[in-house]
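Report on the structure given below.
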Protein chains: 6
Amino acid sequence: MIDKLFLREKLKEFLIEDIGVGDITTDSLDIDRTVESVIIAKEKGVIAGVDFAVEVFKILDPNILVVFKRDDGDYVNEGDTVLKIKGSGSSILKGERVALNLLQRLSGIATNTKKYVERISDLKTKLLDTRKTTPGFRAFEKYAVKVGGGSNHRFALYDMVMIKDNHISLSGGIKKAVERVKEKVSPMVKIEVEVSSIDQVKEILDLDIDIVMLDNMSVDGIKESLNLIDGKFLTEASGNITLENIREVALTGVNFISSGSVIHSSRWLDLSLRII
Amino acid sequence: MIDKLFLREKLKEFLIEDIGVGDITTDSLDIDRTVESVIIAKEKGVIAGVDFAVEVFKILDPNILVVFKRDDGDYVNEGDTVLKIKGSGSSILKGERVALNLLQRLSGIATNTKKYVERISDLKTKLLDTRKTTPGFRAFEKYAVKVGGGSNHRFALYDMVMIKDNHISLSGGIKKAVERVKEKVSPMVKIEVEVSSIDQVKEILDLDIDIVMLDNMSVDGIKESLNLIDGKFLTEASGNITLENIREVALTGVNFISSGSVIHSSRWLDLSLRII
Amino acid sequence: MIDKLFLREKLKEFLIEDIGVGDITTDSLDIDRTVESVIIAKEKGVIAGVDFAVEVFKILDPNILVVFKRDDGDYVNEGDTVLKIKGSGSSILKGERVALNLLQRLSGIATNTKKYVERISDLKTKLLDTRKTTPGFRAFEKYAVKVGGGSNHRFALYDMVMIKDNHISLSGGIKKAVERVKEKVSPMVKIEVEVSSIDQVKEILDLDIDIVMLDNMSVDGIKESLNLIDGKFLTEASGNITLENIREVALTGVNFISSGSVIHSSRWLDLSLRII
Amino acid sequence: MIDKLFLREKLKEFLIEDIGVGDITTDSLDIDRTVESVIIAKEKGVIAGVDFAVEVFKILDPNILVVFKRDDGDYVNEGDTVLKIKGSGSSILKGERVALNLLQRLSGIATNTKKYVERISDLKTKLLDTRKTTPGFRAFEKYAVKVGGGSNHRFALYDMVMIKDNHISLSGGIKKAVERVKEKVSPMVKIEVEVSSIDQVKEILDLDIDIVMLDNMSVDGIKESLNLIDGKFLTEASGNITLENIREVALTGVNFISSGSVIHSSRWLDLSLRII
Amino acid sequence: MIDKLFLREKLKEFLIEDIGVGDITTDSLDIDRTVESVIIAKEKGVIAGVDFAVEVFKILDPNILVVFKRDDGDYVNEGDTVLKIKGSGSSILKGERVALNLLQRLSGIATNTKKYVERISDLKTKLLDTRKTTPGFRAFEKYAVKVGGGSNHRFALYDMVMIKDNHISLSGGIKKAVERVKEKVSPMVKIEVEVSSIDQVKEILDLDIDIVMLDNMSVDGIKESLNLIDGKFLTEASGNITLENIREVALTGVNFISSGSVIHSSRWLDLSLRII
Amino acid sequence: MIDKLFLREKLKEFLIEDIGVGDITTDSLDIDRTVESVIIAKEKGVIAGVDFAVEVFKILDPNILVVFKRDDGDYVNEGDTVLKIKGSGSSILKGERVALNLLQRLSGIATNTKKYVERISDLKTKLLDTRKTTPGFRAFEKYAVKVGGGSNHRFALYDMVMIKDNHISLSGGIKKAVERVKEKVSPMVKIEVEVSSIDQVKEILDLDIDIVMLDNMSVDGIKESLNLIDGKFLTEASGNITLENIREVALTGVNFISSGSVIHSSRWLDLSLRII
């Protein structure tokens, strides 16, 4: 779901960050002959980013051949082959680190997301990510959340309205803020309002919005809010979601649970590349 | 240590990723009046990236005023103010997420690095990072390692030679690889060779290189290697370094310990921004 | 509603298209002294883009002074002053064409849009633009539609789902297409389906979508469709909307009328710049 | 006449404007199988931009196959096929809007230009465009003028000298301006001076310039000017040229007639794409 | 005559080439206090590029102060101060090399050009440069030629027609080539044809072109050609022009003499920067 | 040793500088048929940049065929063929100037470097370049030095520490500067200190640095310095190195001699392209 044109520009940028004017080690060694190489999982997890890794190598050597690859979303165990390619030795060595950095980071996020998703997979509540992403790398991190079974919240400030506490306080109240926004914004865009108390929930009941974010509320608070809202809006619970409490929150019947930590608290999945 | 010219290009790229054609929420609300805002620590840790956050806001509003700021490297406790600025409300709301994403990610890395460094701070061994970094974001992550008390390994493939296992196997042996590299590479660049066995250590003793990386060796293997090397080269231990074993490894007297996980296993430090 | 960071990058690109390595006429004439200059309307219309024009001149001369300006959305008559600035003569002459090209194109669109909007301003139906815009210039043209009183449809392929005839035929039917999309797409994004017959309207009545586009239907077809839909979805009429028929279409009670021609059939508003 | 290197950079920019991180509709539908598609004229006109449209699709899918295409400059009637291609369904749907936006805008300009040119095609006077073009899109619009039978005036501020009224007034007269310019400018560049009265025509008769622009003069004024100039310079008539008066102006024997409206008052030619 | 917008983009690119992520020496030394620094001539010559050097420092430190500067085109002697600035120590050290590289290269070209120009300064013949320039650096090198008293030939392939031997041989003769070009090219652009024999000169006498380049002809050949051409076209002599023969060639009365070596055989003027 | 990704971006930039929107001569002539063309040496020298020239043509025409080419580093004599290619006539004519500008400049540097290197080829001293390079073109010029048998000094301010006179004076002495730098800089980077007197040499003897640059010292001064340093550091002699004195300096036993003039005082090698 990342467009190839956008993808290639980004991957080139990533390769130039690492290679710059030249890989002085590999370039000195004249190792252009064709070799085979595998990326192996060194622990179990959910794989994400395989096609991005392939594209990294293809940018360096258009003749690279994919011998075998796992699909994004596949579970792998320690020792499993994730990707097997054939191509010029120097291109594989130059691209190794960027390809692995992508694969390890994205597989780490997918693996982490999957753990949250599995806790609530029998319920109708969906897990969402947030905009808490590494600067410049958002499209990749949000892609990995989807591979792990989560859904994406808005991508950026331009594709959905989210009226948060600071917006409200600077605008003289929720109602004024919503009205002013509706006047100016494209009707094709959804509008979400963040509330953090039952009083605020009551304030929004008559507004024409799409989604309510219940921010940092207790499970009881969420339940009470859902009762008041009564299906009038979609609902999202947010704040301090953990593997431990996610099921309890989902059982309230809230439509969405959003969590920044599925991305920002992931650690990398251990993978390595070997010339064979 | 990140140059301002480079910095500003990157920060603009980060802001455009999030704002694009426009922040449709904030832009609809006409909240350009001057407000004060604080970034508060919600847990304890080491702060990194304060000046980058300031620059983010300055790009959006050159008249932003820094009322108070902590220095990078400072410890903060829960509730401490990290940064207090004054400026147009809409600029602060537009820049909030990018500024926090930077600060939280970098402070997380600095905090994590600090833990490793503290274990060996009385020893001469230095902690190094690696090239296992988020694509496109390396300069920032390596900067945070330094804030946390670590040192930087090479930045990229262009500024130092590192002859790794795959290079060696494709070049017909360590000696051949080193000779070929020395013939071609600038004499102003250091040369490191990765070895993973005592036999390989013996093979390199006569070579004219700068640093030896002892990859995935046991503490005993490292000791034996250091004995053999006997100060002829700088030495670096790498592979599976944890908070638990780092001191034991350092006690061997190795010059450097490198760890990818100081960066890639960090989680974000919890910070939040509030308009006051 | 166009962010300043995005705006400045675009304006620099526009200036470089026209100036390149240098304005060989103006640069030869050494006319850097401060002068006053006005942009005058040579016909009546709705003004759009004044702040963009000012920014063009500010990029060339940060000390430019705005003496007087009309607001975007203002009506002007022949002879009215739109903008009066003071600054270095050579900067004004270098920026003149780009500033006027922006102002004339955008004011032309705003003026044209206004004519359509006025026909239906007492009704609840809103006028929308489309993605039929000049390549590379969409943000500006869509901005002008808003200045003229219209609303913006989706900005691009990334911020809303629109399932059109070709999507449907390649996916084996409307229902399949909607289901597949809903599985993959962020729940924060609205979904619109294009239909062109009463039969297709019937096919979608049970689907969970947000908006239905009634493409190229007669007024009677629209009425029948609205009856069937009965408020279940938002509705949009599209295709061959003219000044003559827009009111009749709006009187059906459809929520939106979209028209590519508000942008692509606009001609420029006549404006000129004079040094005084 | 637009270089392919320049062209591809521009088309990528146009595609990224529309697709960004991804076409969320098409990408969700998995419609990568090979299909055939046609672009059909829905009204008569002169076609321009066919090869640009082809290149748009080739950027998205290098294996796209052109089955049939009309040449730029061809007349088409309602119902005529303009372009028939074969390729992956999703690439065609993603590129459709950008390809059509290019083709419709450029064919509109070519069609409009042709109408002017036909009025004077038996005379020696040539029709020229101006720098009144959509910012960022000039090369394409000027190309379309040529397809329609017109000629291009200077491309930008860097490739020809044009001394206009504001230059003259800020330089202390025509003669001074011309002298100063000739001292500084490359001798390989043509010099044109704008005059708007018979008195000014007399002032320039002794100057060493290439072209005189007679700005906003009556037909009689043009005739008198041509008599005075008597073949010493090339001559250009400009200002308020319409389909109605262009022949009368051309009959004066002026070398060039320039018109901004051939570009900025064109409306798009109606074309549509269909998967077959 | 290099536009500031274009200039700043180029200078930033040059600075990033040298500084990249950071100047690791200067950044480590914390030397931000204000200092004064001078650029001194270490040999005599013609200075070019002073304002570019100033702009380099201003990009790094907007508060840099110019205490004294020579104008481009000034003669300097050994020991003369070229530029004296005041600003942050670290900005001056970071910008030093780029500023000097610009100044030394451009002053070298201006000095070299001046020597050629002085040989013919009493004659009407003008010295022109060529497109034999360092890739990516043309605008600067051509600027330096003008500072040294030369004139610029066409800037690039887009701003003038030059029909050379290879064009002629691939087009089936001079006449055919000229006709085809005149049909397609903007009438605002000058047309030059390269000839290398008296026979070719005769072939062009009836063509409607602007300039004839007499390529690699003897002085006698040039004289005979000028007789034949008899003022019908401007004339340019080219090929193997040296300081020794330039006057003899100019005495033929040819309008232009073009020389690649004024640029590509220049050596740098010796300059150095000192903190005082 | 210039990476292909970096190379292609640069070559595209160079081509766009020359071609821009289009090569108006070649594009008008419709000469796309396949032709053969040779680049011929018109004087003797060392060739550098052949593969870059080939890449220039491949960017314009991916089907270009290399019929024959010399390797970089080869000696050529007057009349020798350097490169013979087959491809579309218009692509060869469009790329000719950029390809030749690269080849001539780089071959000139390689030829010049070779002369210096030959004077000391039997000695252990190596010739180094400096950062005195044409802005934007450094990677190419440094590459040519290597082709000519020289070695590269640091590439830029980011890949090695060089503490120069100005750094020292602003830091309160050599020792302080070295200490501060070592505290902050990556241990993977070499440190060089510039000294210009025997006293300064004595000052550094106890410091932990890698290389000493002996700046502008007499041969006797260099000898005395080498005696004092006694192999503790690598040594570099710099300043006013000429073909006449380089051997005498090298005979002192200094490790490196650096010279800016191998690059900045080179003139182009004479080469030309012919369609055959």
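Residue numbering restarts at 1 in every chain; chains get A, B, ... in the order shown in the structure tokens, and ligands count up from 1 in that same order.
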
Taking only C-alpha atoms into account, which residues of chain D are within 12 Å of chain B, as a short mmCIF file (atom, residue, chain, number, x, y, z; two decimals) with N, CA, C and O atoms, in the first residue's frame?
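Saved result, result.cif, follows:
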```
data_model
loop_
_atom_site.label_atom_id
_atom_site.label_comp_id
_atom_site.auth_asym_id
_atom_site.auth_seq_id
_atom_site.Cartn_x
_atom_site.Cartn_y
_atom_site.Cartn_z
N GLU D 17 1.98 14.31 -6.71
CA GLU D 17 0.93 15.22 -6.23
C GLU D 17 -0.39 14.47 -6.07
O GLU D 17 -1.14 14.71 -5.12
N GLY D 20 0.73 10.46 -3.96
CA GLY D 20 1.34 10.57 -2.64
C GLY D 20 1.81 9.22 -2.15
O GLY D 20 2.46 8.46 -2.88
N VAL D 21 1.50 8.88 -0.93
CA VAL D 21 1.94 7.62 -0.33
C VAL D 21 1.22 6.43 -0.98
O VAL D 21 1.72 5.31 -0.95
#
```

Quiz prompt | DSSP strand (DSSP E or B) residues within range 133-275 of chain D, listed as an MDAnalysis selection string | solution = chainID D and resid 151 161:163 189 191:195 211:215 234:238 256:258 271:275

Quiz prompt | Nearby residues (only C-alpha atoms) at most 12 Å from Phe233 in chain E, same-chain spacing under 6 positions excluded, as a ChimeraX atom specification | solution = /E:190-193,201,204-214,225-227,254-256

Writing out the chosen residues with N, CA, C and O atoms as a CSV table (one decimal), in the first residue's frame:
```
chain,number,residue,atom,x,y,z
E,190,LYS,N,18.3,33.4,-31.5
E,190,LYS,CA,19.2,33.6,-32.6
E,190,LYS,C,19.7,32.3,-33.2
E,190,LYS,O,19.8,31.3,-32.4
E,191,ILE,N,20.1,32.3,-34.4
E,191,ILE,CA,20.5,31.0,-35.1
E,191,ILE,C,22.0,31.2,-35.6
E,191,ILE,O,22.2,32.2,-36.3
E,192,GLU,N,22.8,30.3,-35.2
E,192,GLU,CA,24.2,30.4,-35.6
E,192,GLU,C,24.5,29.1,-36.3
E,192,GLU,O,24.1,28.0,-36.0
E,193,VAL,N,25.4,29.2,-37.4
E,193,VAL,CA,25.8,28.0,-38.1
E,193,VAL,C,27.3,28.0,-38.1
E,193,VAL,O,28.0,29.0,-38.3
E,201,VAL,N,31.1,28.5,-46.4
E,201,VAL,CA,30.7,29.9,-46.3
E,201,VAL,C,29.8,30.3,-47.5
E,201,VAL,O,28.8,31.0,-47.4
E,204,ILE,N,26.2,29.2,-47.3
E,204,ILE,CA,25.2,29.9,-46.4
E,204,ILE,C,24.8,31.3,-46.8
E,204,ILE,O,24.0,31.9,-46.1
E,205,LEU,N,25.4,31.8,-47.8
E,205,LEU,CA,25.3,33.3,-48.0
E,205,LEU,C,23.8,33.7,-48.2
E,205,LEU,O,23.4,34.8,-47.9
E,206,ASP,N,23.0,32.8,-48.7
E,206,ASP,CA,21.6,33.1,-49.0
E,206,ASP,C,20.7,32.7,-47.8
E,206,ASP,O,19.4,33.0,-47.9
E,207,LEU,N,21.2,32.1,-46.8
E,207,LEU,CA,20.3,31.7,-45.7
E,207,LEU,C,19.9,32.8,-44.8
E,207,LEU,O,20.7,33.8,-44.6
E,208,ASP,N,18.8,32.6,-44.1
E,208,ASP,CA,18.4,33.7,-43.1
E,208,ASP,C,18.8,33.3,-41.7
E,208,ASP,O,18.0,32.7,-41.0
E,209,ILE,N,20.0,33.5,-41.4
E,209,ILE,CA,20.5,33.2,-40.1
E,209,ILE,C,21.1,34.5,-39.4
E,209,ILE,O,21.2,35.5,-40.1
E,210,ASP,N,21.5,34.3,-38.2
E,210,ASP,CA,22.1,35.5,-37.5
E,210,ASP,C,23.6,35.6,-37.4
E,210,ASP,O,24.2,36.7,-37.6
E,211,ILE,N,24.2,34.4,-37.2
E,211,ILE,CA,25.6,34.4,-36.9
E,211,ILE,C,26.3,33.3,-37.6
E,211,ILE,O,25.7,32.2,-37.8
E,212,VAL,N,27.5,33.5,-38.1
E,212,VAL,CA,28.3,32.4,-38.7
E,212,VAL,C,29.5,32.1,-37.8
E,212,VAL,O,30.2,33.1,-37.5
E,213,MET,N,29.7,30.9,-37.4
E,213,MET,CA,31.0,30.6,-36.7
E,213,MET,C,32.0,30.0,-37.7
E,213,MET,O,31.7,29.0,-38.3
E,214,LEU,N,33.1,30.7,-37.8
E,214,LEU,CA,34.2,30.2,-38.6
E,214,LEU,C,35.1,29.4,-37.8
E,214,LEU,O,35.9,29.9,-37.0
E,225,SER,N,36.4,34.8,-45.7
E,225,SER,CA,35.0,34.6,-45.3
E,225,SER,C,34.3,35.9,-45.1
E,225,SER,O,33.2,36.1,-45.5
E,226,LEU,N,35.0,36.8,-44.3
E,226,LEU,CA,34.4,38.1,-44.0
E,226,LEU,C,34.1,38.9,-45.3
E,226,LEU,O,33.0,39.5,-45.4
E,227,ASN,N,34.9,38.8,-46.2
E,227,ASN,CA,34.7,39.5,-47.5
E,227,ASN,C,33.4,38.9,-48.2
E,227,ASN,O,32.6,39.7,-48.7
E,254,VAL,N,36.5,40.4,-37.4
E,254,VAL,CA,35.4,39.5,-37.0
E,254,VAL,C,34.7,40.0,-35.8
E,254,VAL,O,35.3,40.7,-35.0
E,255,ASN,N,33.4,39.8,-35.7
E,255,ASN,CA,32.7,40.4,-34.6
E,255,ASN,C,33.0,39.7,-33.2
E,255,ASN,O,33.1,40.4,-32.2
E,256,PHE,N,33.1,38.4,-33.2
E,256,PHE,CA,33.4,37.7,-32.0
E,256,PHE,C,34.5,36.7,-32.1
E,256,PHE,O,34.7,36.1,-33.2
```

Exercise. In Å, rounded to a single decimal, give me how far CA of Arg105 in chain A is from CA of Leu269 in chain A.
Key: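 Separating CA of Leu269 in chain A from CA of Arg105 in chain A is a distance of 6.7 Å.
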
Quiz item: Hey, what's within 6 Å of range 77-88 of chain F if we count only C-alpha atoms and toss same-chain stuff fewer than 6 positions away? As a list in words, please?
Solution: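 Once the nearby chain positions are removed, what remains is Asp32, Arg33, Thr34, Val35, Glu36, Ser37, Val38, Ile39, Ile40, Ala41, Lys42, Glu43, Lys44, Ile64, Leu65, Val66, Val67, Phe68, Lys69 and Arg70 of chain F.
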
Write the selection just made, keeping N, CA and C atoms, as a short mmCIF file (atom, residue, chain, number, x, y, z; two decimals), in the first residue's frame?
```cif
data_model
loop_
_atom_site.label_atom_id
_atom_site.label_comp_id
_atom_site.auth_asym_id
_atom_site.auth_seq_id
_atom_site.Cartn_x
_atom_site.Cartn_y
_atom_site.Cartn_z
N ASP F 32 17.10 10.96 -35.10
CA ASP F 32 17.09 9.88 -34.11
C ASP F 32 17.67 8.57 -34.63
N ARG F 33 18.07 8.54 -35.87
CA ARG F 33 18.58 7.26 -36.38
C ARG F 33 19.89 6.89 -35.69
N THR F 34 20.21 5.60 -35.71
CA THR F 34 21.40 5.11 -35.03
C THR F 34 22.67 5.50 -35.77
N VAL F 35 23.61 6.05 -35.02
CA VAL F 35 24.89 6.44 -35.63
C VAL F 35 26.03 5.95 -34.74
N GLU F 36 27.21 5.99 -35.26
CA GLU F 36 28.38 5.63 -34.48
C GLU F 36 29.18 6.90 -34.25
N SER F 37 29.77 6.95 -33.10
CA SER F 37 30.52 8.17 -32.81
C SER F 37 31.75 7.82 -31.99
N VAL F 38 32.81 8.58 -32.19
CA VAL F 38 34.06 8.34 -31.44
C VAL F 38 34.50 9.59 -30.71
N ILE F 39 35.09 9.34 -29.56
CA ILE F 39 35.81 10.42 -28.87
C ILE F 39 37.30 10.15 -29.06
N ILE F 40 37.97 11.15 -29.60
CA ILE F 40 39.38 11.02 -30.01
C ILE F 40 40.26 11.95 -29.16
N ALA F 41 41.42 11.45 -28.78
CA ALA F 41 42.39 12.29 -28.08
C ALA F 41 43.10 13.20 -29.08
N LYS F 42 43.17 14.48 -28.77
CA LYS F 42 43.89 15.39 -29.66
C LYS F 42 45.25 15.78 -29.08
N GLU F 43 45.59 15.19 -27.95
CA GLU F 43 46.95 15.33 -27.38
C GLU F 43 47.17 14.14 -26.46
N LYS F 44 48.40 13.91 -26.00
CA LYS F 44 48.63 12.74 -25.16
C LYS F 44 48.31 13.04 -23.70
N ILE F 64 22.14 2.76 -25.79
CA ILE F 64 23.47 3.10 -26.31
C ILE F 64 24.36 1.86 -26.18
N LEU F 65 25.21 1.66 -27.16
CA LEU F 65 26.09 0.50 -27.17
C LEU F 65 27.55 0.94 -27.13
N VAL F 66 28.32 0.40 -26.21
CA VAL F 66 29.74 0.73 -26.17
C VAL F 66 30.48 -0.23 -27.10
N VAL F 67 31.06 0.30 -28.14
CA VAL F 67 31.77 -0.53 -29.12
C VAL F 67 33.21 -0.74 -28.68
N PHE F 68 33.80 0.29 -28.09
CA PHE F 68 35.19 0.21 -27.65
C PHE F 68 35.43 1.27 -26.60
N LYS F 69 36.17 0.93 -25.57
CA LYS F 69 36.56 1.99 -24.64
C LYS F 69 37.90 1.71 -23.99
N ARG F 70 38.63 2.76 -23.73
CA ARG F 70 39.86 2.68 -22.96
C ARG F 70 39.50 2.67 -21.48
#
```

Exercise. Please identify all polymer residues within 10 Å of range 146-149 of chain D, counting only C-alpha atoms, omitting same-chain residues fewer than 2 positions from it, and present them as a PyMOL selection string.
Key: (chain D and resi 1+46-49+71-74+106-118+121+126-129+141-144+151-152+262) or (chain E and resi 184-186)

Exercise. For CA of Asn240 in chain B and CA of Glu224 in chain B, quote the distance in Å rounded to one decimal.
Key: 18.7 Å

Practice problem: Determine, counting only C-alpha atoms, which protein, DNA and RNA residues have an atom within 9 Å of an atom of Ile163 in chain D; residues of the same chain fewer than 5 positions away are not included. Present the result as number ranges by chain. | Solution: C: 25-26; D: 168, 174, 177-178, 181, 191-194

Written selection (all heavy atoms) as an mmCIF file, in the first residue's frame:
```cif
data_model
loop_
_atom_site.group_PDB
_atom_site.id
_atom_site.type_symbol
_atom_site.label_atom_id
_atom_site.label_comp_id
_atom_site.auth_asym_id
_atom_site.auth_seq_id
_atom_site.Cartn_x
_atom_site.Cartn_y
_atom_site.Cartn_z
ATOM 1 N N THR C 25 17.099 41.175 -18.283
ATOM 2 C CA THR C 25 16.695 42.565 -18.519
ATOM 3 C C THR C 25 16.855 43.390 -17.247
ATOM 4 O O THR C 25 17.619 44.363 -17.199
ATOM 5 C CB THR C 25 15.228 42.627 -18.997
ATOM 6 O OG1 THR C 25 15.053 41.727 -20.088
ATOM 7 C CG2 THR C 25 14.848 44.037 -19.406
ATOM 8 N N THR C 26 16.146 42.988 -16.214
ATOM 9 C CA THR C 26 16.132 43.770 -14.984
ATOM 10 C C THR C 26 17.518 43.841 -14.351
ATOM 11 O O THR C 26 17.945 44.900 -13.879
ATOM 12 C CB THR C 26 15.114 43.144 -14.000
ATOM 13 O OG1 THR C 26 13.864 43.032 -14.669
ATOM 14 C CG2 THR C 26 14.964 43.993 -12.749
ATOM 15 N N ILE D 168 11.461 51.005 -18.475
ATOM 16 C CA ILE D 168 11.804 52.292 -19.081
ATOM 17 C C ILE D 168 11.645 53.412 -18.076
ATOM 18 O O ILE D 168 12.532 54.244 -17.883
ATOM 19 C CB ILE D 168 10.917 52.533 -20.329
ATOM 20 C CG1 ILE D 168 11.285 51.505 -21.421
ATOM 21 C CG2 ILE D 168 11.075 53.953 -20.851
ATOM 22 C CD1 ILE D 168 10.309 51.453 -22.588
ATOM 23 N N ILE D 174 13.978 55.242 -22.699
ATOM 24 C CA ILE D 174 14.247 54.067 -23.533
ATOM 25 C C ILE D 174 15.721 53.972 -23.893
ATOM 26 O O ILE D 174 16.344 52.911 -23.780
ATOM 27 C CB ILE D 174 13.426 54.146 -24.852
ATOM 28 C CG1 ILE D 174 11.922 54.079 -24.541
ATOM 29 C CG2 ILE D 174 13.821 53.023 -25.791
ATOM 30 C CD1 ILE D 174 11.034 54.177 -25.781
ATOM 31 N N ALA D 177 17.993 52.855 -21.162
ATOM 32 C CA ALA D 177 17.751 51.448 -20.820
ATOM 33 C C ALA D 177 18.411 50.525 -21.837
ATOM 34 O O ALA D 177 19.094 49.563 -21.485
ATOM 35 C CB ALA D 177 16.248 51.172 -20.732
ATOM 36 N N VAL D 178 18.218 50.845 -23.113
ATOM 37 C CA VAL D 178 18.799 49.988 -24.156
ATOM 38 C C VAL D 178 20.319 49.979 -24.049
ATOM 39 O O VAL D 178 20.967 48.928 -24.127
ATOM 40 C CB VAL D 178 18.345 50.455 -25.558
ATOM 41 C CG1 VAL D 178 19.127 49.735 -26.642
ATOM 42 C CG2 VAL D 178 16.855 50.197 -25.728
ATOM 43 N N VAL D 181 21.527 47.905 -21.092
ATOM 44 C CA VAL D 181 21.335 46.477 -21.314
ATOM 45 C C VAL D 181 22.372 45.929 -22.285
ATOM 46 O O VAL D 181 22.973 44.881 -22.062
ATOM 47 C CB VAL D 181 19.902 46.210 -21.844
ATOM 48 C CG1 VAL D 181 19.803 44.846 -22.496
ATOM 49 C CG2 VAL D 181 18.895 46.318 -20.701
ATOM 50 N N ILE D 191 16.981 41.466 -28.357
ATOM 51 C CA ILE D 191 16.496 42.556 -27.507
ATOM 52 C C ILE D 191 15.212 43.126 -28.102
ATOM 53 O O ILE D 191 15.175 43.506 -29.264
ATOM 54 C CB ILE D 191 17.564 43.663 -27.392
ATOM 55 C CG1 ILE D 191 18.808 43.100 -26.680
ATOM 56 C CG2 ILE D 191 17.012 44.875 -26.644
ATOM 57 C CD1 ILE D 191 19.955 44.076 -26.576
ATOM 58 N N GLU D 192 14.191 43.169 -27.258
ATOM 59 C CA GLU D 192 12.913 43.729 -27.690
ATOM 60 C C GLU D 192 12.557 44.901 -26.777
ATOM 61 O O GLU D 192 12.846 44.878 -25.589
ATOM 62 C CB GLU D 192 11.823 42.648 -27.595
ATOM 63 C CG GLU D 192 10.438 43.160 -27.985
ATOM 64 C CD GLU D 192 9.445 42.028 -28.274
ATOM 65 O OE1 GLU D 192 9.775 40.857 -27.942
ATOM 66 O OE2 GLU D 192 8.368 42.297 -28.823
ATOM 67 N N VAL D 193 11.941 45.918 -27.359
ATOM 68 C CA VAL D 193 11.523 47.074 -26.573
ATOM 69 C C VAL D 193 10.022 47.269 -26.773
ATOM 70 O O VAL D 193 9.529 47.163 -27.895
ATOM 71 C CB VAL D 193 12.284 48.344 -26.997
ATOM 72 C CG1 VAL D 193 11.727 49.578 -26.285
ATOM 73 C CG2 VAL D 193 13.769 48.198 -26.695
ATOM 74 N N GLU D 194 9.337 47.519 -25.667
ATOM 75 C CA GLU D 194 7.898 47.751 -25.730
ATOM 76 C C GLU D 194 7.627 49.248 -25.860
ATOM 77 O O GLU D 194 8.144 50.034 -25.067
ATOM 78 C CB GLU D 194 7.276 47.210 -24.430
ATOM 79 C CG GLU D 194 5.786 47.433 -24.298
ATOM 80 C CD GLU D 194 5.272 47.022 -22.920
ATOM 81 O OE1 GLU D 194 5.467 45.857 -22.522
ATOM 82 O OE2 GLU D 194 4.704 47.893 -22.214
#
```

Quiz item: Within 8 Å of Ile120 in chain C, counting only C-alpha atoms, which residues qualify if same-chain residues fewer than 4 places away don't, as a PyMOL selection string?
Solution: chain C and resi 116+124-126+246-247+250

Practice problem: Give the alpha helix (DSSP H) residues of range 133-250 of chain E, as DSSP finds them on the backbone, and put them as a count of residues only. | Solution: 51

Quiz prompt | One-decimal distance in Å that lies between CA of Val98 in chain C and CA of Ile19 in chain F | solution =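 Spanning CA of Ile19 in chain F to CA of Val98 in chain C is a straight-line distance of 23.2 Å.
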
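Nearest residue to Thr133 in chain A among A:His264, A:Asp30, A:Val54, A:Ser272 is A:His264, counting only C-alpha atoms.
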